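Asker: Have a look at this one before I ask anything.
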Protein chains: 2
Amino acid sequence: MRFEKHVFICTNQRAPGERKSCGEAHGLELVKLFKKLVKDKGLSTDVRAQKSGCLDACEFGPSLVVYPEGIFYGSVEVSDVEEIVTEHLEHNRPVQRLVIDFNKVKPTE
Amino acid sequence: MRFEKHVFICTNQRAPGERKSCGEAHGLELVKLFKKLVKDKGLSTDVRAQKSGCLDACEFGPSLVVYPEGIFYGSVEVSDVEEIVTEHLEHNRPVQRLVIDFNKVKPTE
């Protein structure tokens with residue numbers, strides 16, 4: 001495995017008038033903070049966090065996925081990033097409260 | 001696992017004068033063709049192909065990665081896409097001739 005953890009963070013942006021997108025929320029801020037914390041914690045050799053297009057989890061966004069385990073996180077706030085990096089990326093303990101349950105349809109806000 | 005195969009195709013573009021990027025080559029064309037073939041073959045429920053930012057495999061680009069197995073492909077041409085979709089995504093047989101060996105440094109062209 002090239003990376004022990006490879007994190008893809010949606011930064012997709014839609015045109016005005018279309019449904020809300022992760023990029024329109026704070027996708028890019030999440031990418032910047034993930035990259036900074038991965039570097040600051042000296043995890044860069046084994047962990048890569050980067051931007052991606054739409055992860056098909058818009059209704060749960062802002063969203064991201066961690067591979068190889070394929071765990072999707074939703075409604076991720078900037079204030080959640082440190083916990084995901086420390087708990088999941090560093091210590092392999094997924095942050096259950098943010099894991100998307102795709103069997104549950106999120107109520108429209 | 002939300003997707004049996006999740007394909008991330010680099011479409012990163014650099015400013016003129018910087019080193020060549022996958023997006024500058026034909027990253028977006030690859031994304032379009034992957035999406036079309038996945039749909040045409042009726043694989044959309046289990047397979048997702050999408051664009052991503054830089055995969056840190058620029059010297060082997062145009063590049064993409066298939067998760068959860070974490071197999072990186074490099075020097076992918078538009079003419080290679082059907083083989084990757086049929087062999088790897090549909091029948092779970094990675095296309096070895098295109099798999100990146102990160103222990104090998106690609107000679108500068």
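Every chain in the structure tokens takes a letter, A first, then B, and so on in the order presented; its residues are numbered from 1, and the ligands are numbered from 1 following the presented order.
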Restrict the distance test to only C-alpha atoms, flag each residue of chain A within 12 Å of chain B, and return the flagged residues as a ChimeraX atom specification.
Answerer: /A:1-12,28,31,44-45,47-57,65-73,100-103
Asker: Step one, run DSSP on the backbone; step two, keep only residues of range 11-77 of chain A assigned to helix (DSSP H, G or I); then write them as a PDB file with all heavy atoms, in the first residue's frame.
Answerer:
```
ATOM      1  N   GLY A  27     -15.057  22.921   2.143  1.00  0.00           N
ATOM      2  CA  GLY A  27     -14.212  21.808   1.702  1.00  0.00           C
ATOM      3  C   GLY A  27     -12.734  22.166   1.613  1.00  0.00           C
ATOM      4  O   GLY A  27     -11.875  21.426   2.086  1.00  0.00           O
ATOM      5  N   LEU A  28     -12.450  23.337   1.026  1.00  0.00           N
ATOM      6  CA  LEU A  28     -11.040  23.700   0.842  1.00  0.00           C
ATOM      7  C   LEU A  28     -10.336  24.001   2.163  1.00  0.00           C
ATOM      8  O   LEU A  28      -9.152  23.687   2.336  1.00  0.00           O
ATOM      9  CB  LEU A  28     -10.913  24.903  -0.095  1.00  0.00           C
ATOM     10  CG  LEU A  28     -10.648  24.542  -1.555  1.00  0.00           C
ATOM     11  CD1 LEU A  28     -10.635  25.795  -2.415  1.00  0.00           C
ATOM     12  CD2 LEU A  28      -9.339  23.777  -1.730  1.00  0.00           C
ATOM     13  N   GLU A  29     -11.094  24.579   3.087  1.00  0.00           N
ATOM     14  CA  GLU A  29     -10.532  24.819   4.427  1.00  0.00           C
ATOM     15  C   GLU A  29     -10.161  23.497   5.086  1.00  0.00           C
ATOM     16  O   GLU A  29      -9.143  23.383   5.771  1.00  0.00           O
ATOM     17  CB  GLU A  29     -11.588  25.499   5.301  1.00  0.00           C
ATOM     18  CG  GLU A  29     -11.404  26.968   5.506  1.00  0.00           C
ATOM     19  CD  GLU A  29     -12.481  27.505   6.437  1.00  0.00           C
ATOM     20  OE1 GLU A  29     -13.599  27.789   5.933  1.00  0.00           O
ATOM     21  OE2 GLU A  29     -12.222  27.601   7.643  1.00  0.00           O
ATOM     22  N   LEU A  30     -11.036  22.494   4.902  1.00  0.00           N
ATOM     23  CA  LEU A  30     -10.758  21.170   5.472  1.00  0.00           C
ATOM     24  C   LEU A  30      -9.469  20.595   4.879  1.00  0.00           C
ATOM     25  O   LEU A  30      -8.617  20.081   5.600  1.00  0.00           O
ATOM     26  CB  LEU A  30     -11.926  20.214   5.199  1.00  0.00           C
ATOM     27  CG  LEU A  30     -13.260  20.530   5.880  1.00  0.00           C
ATOM     28  CD1 LEU A  30     -14.332  19.530   5.445  1.00  0.00           C
ATOM     29  CD2 LEU A  30     -13.131  20.511   7.405  1.00  0.00           C
ATOM     30  N   VAL A  31      -9.321  20.702   3.565  1.00  0.00           N
ATOM     31  CA  VAL A  31      -8.115  20.178   2.915  1.00  0.00           C
ATOM     32  C   VAL A  31      -6.873  20.820   3.515  1.00  0.00           C
ATOM     33  O   VAL A  31      -5.908  20.136   3.885  1.00  0.00           O
ATOM     34  CB  VAL A  31      -8.144  20.425   1.385  1.00  0.00           C
ATOM     35  CG1 VAL A  31      -6.824  20.002   0.743  1.00  0.00           C
ATOM     36  CG2 VAL A  31      -9.302  19.673   0.740  1.00  0.00           C
ATOM     37  N   LYS A  32      -6.900  22.147   3.617  1.00  0.00           N
ATOM     38  CA  LYS A  32      -5.719  22.871   4.136  1.00  0.00           C
ATOM     39  C   LYS A  32      -5.367  22.417   5.543  1.00  0.00           C
ATOM     40  O   LYS A  32      -4.201  22.196   5.871  1.00  0.00           O
ATOM     41  CB  LYS A  32      -5.992  24.387   4.148  1.00  0.00           C
ATOM     42  CG  LYS A  32      -5.747  25.027   2.803  1.00  0.00           C
ATOM     43  CD  LYS A  32      -5.958  26.541   2.891  1.00  0.00           C
ATOM     44  CE  LYS A  32      -6.343  27.071   1.504  1.00  0.00           C
ATOM     45  NZ  LYS A  32      -6.996  28.368   1.550  1.00  0.00           N
ATOM     46  N   LEU A  33      -6.398  22.268   6.389  1.00  0.00           N
ATOM     47  CA  LEU A  33      -6.126  21.897   7.774  1.00  0.00           C
ATOM     48  C   LEU A  33      -5.660  20.440   7.886  1.00  0.00           C
ATOM     49  O   LEU A  33      -4.734  20.130   8.650  1.00  0.00           O
ATOM     50  CB  LEU A  33      -7.374  22.147   8.632  1.00  0.00           C
ATOM     51  CG  LEU A  33      -7.182  21.980  10.131  1.00  0.00           C
ATOM     52  CD1 LEU A  33      -5.999  22.808  10.657  1.00  0.00           C
ATOM     53  CD2 LEU A  33      -8.459  22.372  10.891  1.00  0.00           C
ATOM     54  N   PHE A  34      -6.274  19.545   7.119  1.00  0.00           N
ATOM     55  CA  PHE A  34      -5.794  18.158   7.109  1.00  0.00           C
ATOM     56  C   PHE A  34      -4.318  18.111   6.716  1.00  0.00           C
ATOM     57  O   PHE A  34      -3.504  17.460   7.372  1.00  0.00           O
ATOM     58  CB  PHE A  34      -6.611  17.308   6.124  1.00  0.00           C
ATOM     59  CG  PHE A  34      -7.744  16.557   6.761  1.00  0.00           C
ATOM     60  CD1 PHE A  34      -9.039  17.039   6.682  1.00  0.00           C
ATOM     61  CD2 PHE A  34      -7.523  15.365   7.438  1.00  0.00           C
ATOM     62  CE1 PHE A  34     -10.097  16.357   7.274  1.00  0.00           C
ATOM     63  CE2 PHE A  34      -8.575  14.673   8.027  1.00  0.00           C
ATOM     64  CZ  PHE A  34      -9.864  15.167   7.943  1.00  0.00           C
ATOM     65  N   LYS A  35      -3.973  18.801   5.638  1.00  0.00           N
ATOM     66  CA  LYS A  35      -2.587  18.780   5.156  1.00  0.00           C
ATOM     67  C   LYS A  35      -1.636  19.318   6.222  1.00  0.00           C
ATOM     68  O   LYS A  35      -0.565  18.759   6.463  1.00  0.00           O
ATOM     69  CB  LYS A  35      -2.455  19.621   3.878  1.00  0.00           C
ATOM     70  CG  LYS A  35      -2.958  18.902   2.615  1.00  0.00           C
ATOM     71  CD  LYS A  35      -2.723  19.774   1.388  1.00  0.00           C
ATOM     72  CE  LYS A  35      -3.216  19.116   0.111  1.00  0.00           C
ATOM     73  NZ  LYS A  35      -2.390  17.995  -0.349  1.00  0.00           N
ATOM     74  N   LYS A  36      -2.052  20.401   6.870  1.00  0.00           N
ATOM     75  CA  LYS A  36      -1.193  21.019   7.881  1.00  0.00           C
ATOM     76  C   LYS A  36      -0.976  20.065   9.056  1.00  0.00           C
ATOM     77  O   LYS A  36       0.146  19.851   9.509  1.00  0.00           O
ATOM     78  CB  LYS A  36      -1.840  22.330   8.366  1.00  0.00           C
ATOM     79  CG  LYS A  36      -0.995  23.067   9.389  1.00  0.00           C
ATOM     80  CD  LYS A  36      -1.697  24.293   9.945  1.00  0.00           C
ATOM     81  CE  LYS A  36      -0.852  25.038  10.970  1.00  0.00           C
ATOM     82  NZ  LYS A  36      -0.059  24.253  11.900  1.00  0.00           N
ATOM     83  N   LEU A  37      -2.057  19.454   9.546  1.00  0.00           N
ATOM     84  CA  LEU A  37      -1.935  18.592  10.726  1.00  0.00           C
ATOM     85  C   LEU A  37      -1.159  17.308  10.413  1.00  0.00           C
ATOM     86  O   LEU A  37      -0.370  16.840  11.235  1.00  0.00           O
ATOM     87  CB  LEU A  37      -3.326  18.266  11.284  1.00  0.00           C
ATOM     88  CG  LEU A  37      -4.066  19.460  11.911  1.00  0.00           C
ATOM     89  CD1 LEU A  37      -5.425  19.026  12.444  1.00  0.00           C
ATOM     90  CD2 LEU A  37      -3.249  20.083  13.040  1.00  0.00           C
ATOM     91  N   VAL A  38      -1.383  16.754   9.221  1.00  0.00           N
ATOM     92  CA  VAL A  38      -0.639  15.551   8.822  1.00  0.00           C
ATOM     93  C   VAL A  38       0.863  15.864   8.814  1.00  0.00           C
ATOM     94  O   VAL A  38       1.684  15.080   9.312  1.00  0.00           O
ATOM     95  CB  VAL A  38      -1.116  15.049   7.435  1.00  0.00           C
ATOM     96  CG1 VAL A  38      -0.135  14.047   6.842  1.00  0.00           C
ATOM     97  CG2 VAL A  38      -2.507  14.421   7.553  1.00  0.00           C
ATOM     98  N   LYS A  39       1.199  17.025   8.283  1.00  0.00           N
ATOM     99  CA  LYS A  39       2.609  17.443   8.228  1.00  0.00           C
ATOM    100  C   LYS A  39       3.151  17.722   9.635  1.00  0.00           C
ATOM    101  O   LYS A  39       4.216  17.220  10.022  1.00  0.00           O
ATOM    102  CB  LYS A  39       2.719  18.694   7.352  1.00  0.00           C
ATOM    103  CG  LYS A  39       4.143  19.015   6.953  1.00  0.00           C
ATOM    104  CD  LYS A  39       4.180  20.209   6.014  1.00  0.00           C
ATOM    105  CE  LYS A  39       5.624  20.660   5.848  1.00  0.00           C
ATOM    106  NZ  LYS A  39       5.712  21.969   5.179  1.00  0.00           N
ATOM    107  N   ASP A  40       2.392  18.496  10.400  1.00  0.00           N
ATOM    108  CA  ASP A  40       2.842  18.876  11.749  1.00  0.00           C
ATOM    109  C   ASP A  40       3.064  17.657  12.634  1.00  0.00           C
ATOM    110  O   ASP A  40       3.935  17.664  13.509  1.00  0.00           O
ATOM    111  CB  ASP A  40       1.805  19.783  12.429  1.00  0.00           C
ATOM    112  CG  ASP A  40       1.786  21.179  11.811  1.00  0.00           C
ATOM    113  OD1 ASP A  40       2.625  21.455  10.929  1.00  0.00           O
ATOM    114  OD2 ASP A  40       0.912  21.980  12.199  1.00  0.00           O
ATOM    115  N   CYS A  58     -23.303  14.146  -1.155  1.00  0.00           N
ATOM    116  CA  CYS A  58     -23.609  15.578  -1.025  1.00  0.00           C
ATOM    117  C   CYS A  58     -24.576  15.852   0.130  1.00  0.00           C
ATOM    118  O   CYS A  58     -24.448  16.847   0.844  1.00  0.00           O
ATOM    119  CB  CYS A  58     -24.240  16.105  -2.306  1.00  0.00           C
ATOM    120  SG  CYS A  58     -23.402  15.572  -3.800  1.00  0.00           S
ATOM    121  N   GLU A  59     -25.569  14.968   0.283  1.00  0.00           N
ATOM    122  CA  GLU A  59     -26.596  15.242   1.298  1.00  0.00           C
ATOM    123  C   GLU A  59     -26.039  15.102   2.711  1.00  0.00           C
ATOM    124  O   GLU A  59     -26.683  15.514   3.681  1.00  0.00           O
ATOM    125  CB  GLU A  59     -27.837  14.358   1.086  1.00  0.00           C
ATOM    126  CG  GLU A  59     -27.621  12.872   1.240  1.00  0.00           C
ATOM    127  CD  GLU A  59     -27.140  12.182  -0.037  1.00  0.00           C
ATOM    128  OE1 GLU A  59     -26.304  12.763  -0.738  1.00  0.00           O
ATOM    129  OE2 GLU A  59     -27.585  11.061  -0.306  1.00  0.00           O
ATOM    130  N   PHE A  60     -24.850  14.542   2.829  1.00  0.00           N
ATOM    131  CA  PHE A  60     -24.206  14.406   4.137  1.00  0.00           C
ATOM    132  C   PHE A  60     -23.014  15.358   4.275  1.00  0.00           C
ATOM    133  O   PHE A  60     -22.284  15.293   5.250  1.00  0.00           O
ATOM    134  CB  PHE A  60     -23.694  12.967   4.335  1.00  0.00           C
ATOM    135  CG  PHE A  60     -24.745  11.905   4.215  1.00  0.00           C
ATOM    136  CD1 PHE A  60     -24.951  11.228   3.022  1.00  0.00           C
ATOM    137  CD2 PHE A  60     -25.529  11.568   5.310  1.00  0.00           C
ATOM    138  CE1 PHE A  60     -25.915  10.242   2.907  1.00  0.00           C
ATOM    139  CE2 PHE A  60     -26.498  10.579   5.204  1.00  0.00           C
ATOM    140  CZ  PHE A  60     -26.698   9.924   3.998  1.00  0.00           C
TER     141      PHE A  60
END
```
Asker: Report, in Å to a single decimal, how far apart CA of Val76 in chain A and CA of Pro62 in chain A are.
Answerer: 5.5 Å
Asker: What does the structure give for the distance between CA of Cys22 in chain B and CA of Glu82 in chain B, in Å to one decimal?
Answerer: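 Pair CA of Cys22 in chain B / CA of Glu82 in chain B returns 18.9 Å.
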Asker: Looking only at strand (DSSP E) from DSSP on the backbone, list the matching residues of range 62-102 of chain B as a ChimeraX atom specification.
Answerer: /B:64-67,71-73
Asker: Let me see the file: selected residues, C-alpha atoms, as an mmCIF file, in the first residue's frame.
Answerer:
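What follows is the written file again-v9.cif:
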```cif
data_model
loop_
_atom_site.group_PDB
_atom_site.id
_atom_site.type_symbol
_atom_site.label_atom_id
_atom_site.label_comp_id
_atom_site.auth_asym_id
_atom_site.auth_seq_id
_atom_site.Cartn_x
_atom_site.Cartn_y
_atom_site.Cartn_z
ATOM 1 C CA LEU B 64 -5.064 7.163 -11.059
ATOM 2 C CA VAL B 65 -5.656 4.941 -8.051
ATOM 3 C CA VAL B 66 -8.206 2.200 -7.427
ATOM 4 C CA TYR B 67 -9.346 1.669 -3.833
ATOM 5 C CA ILE B 71 -3.415 0.055 -6.891
ATOM 6 C CA PHE B 72 -1.922 3.021 -8.718
ATOM 7 C CA TYR B 73 -1.823 3.132 -12.506
#
```
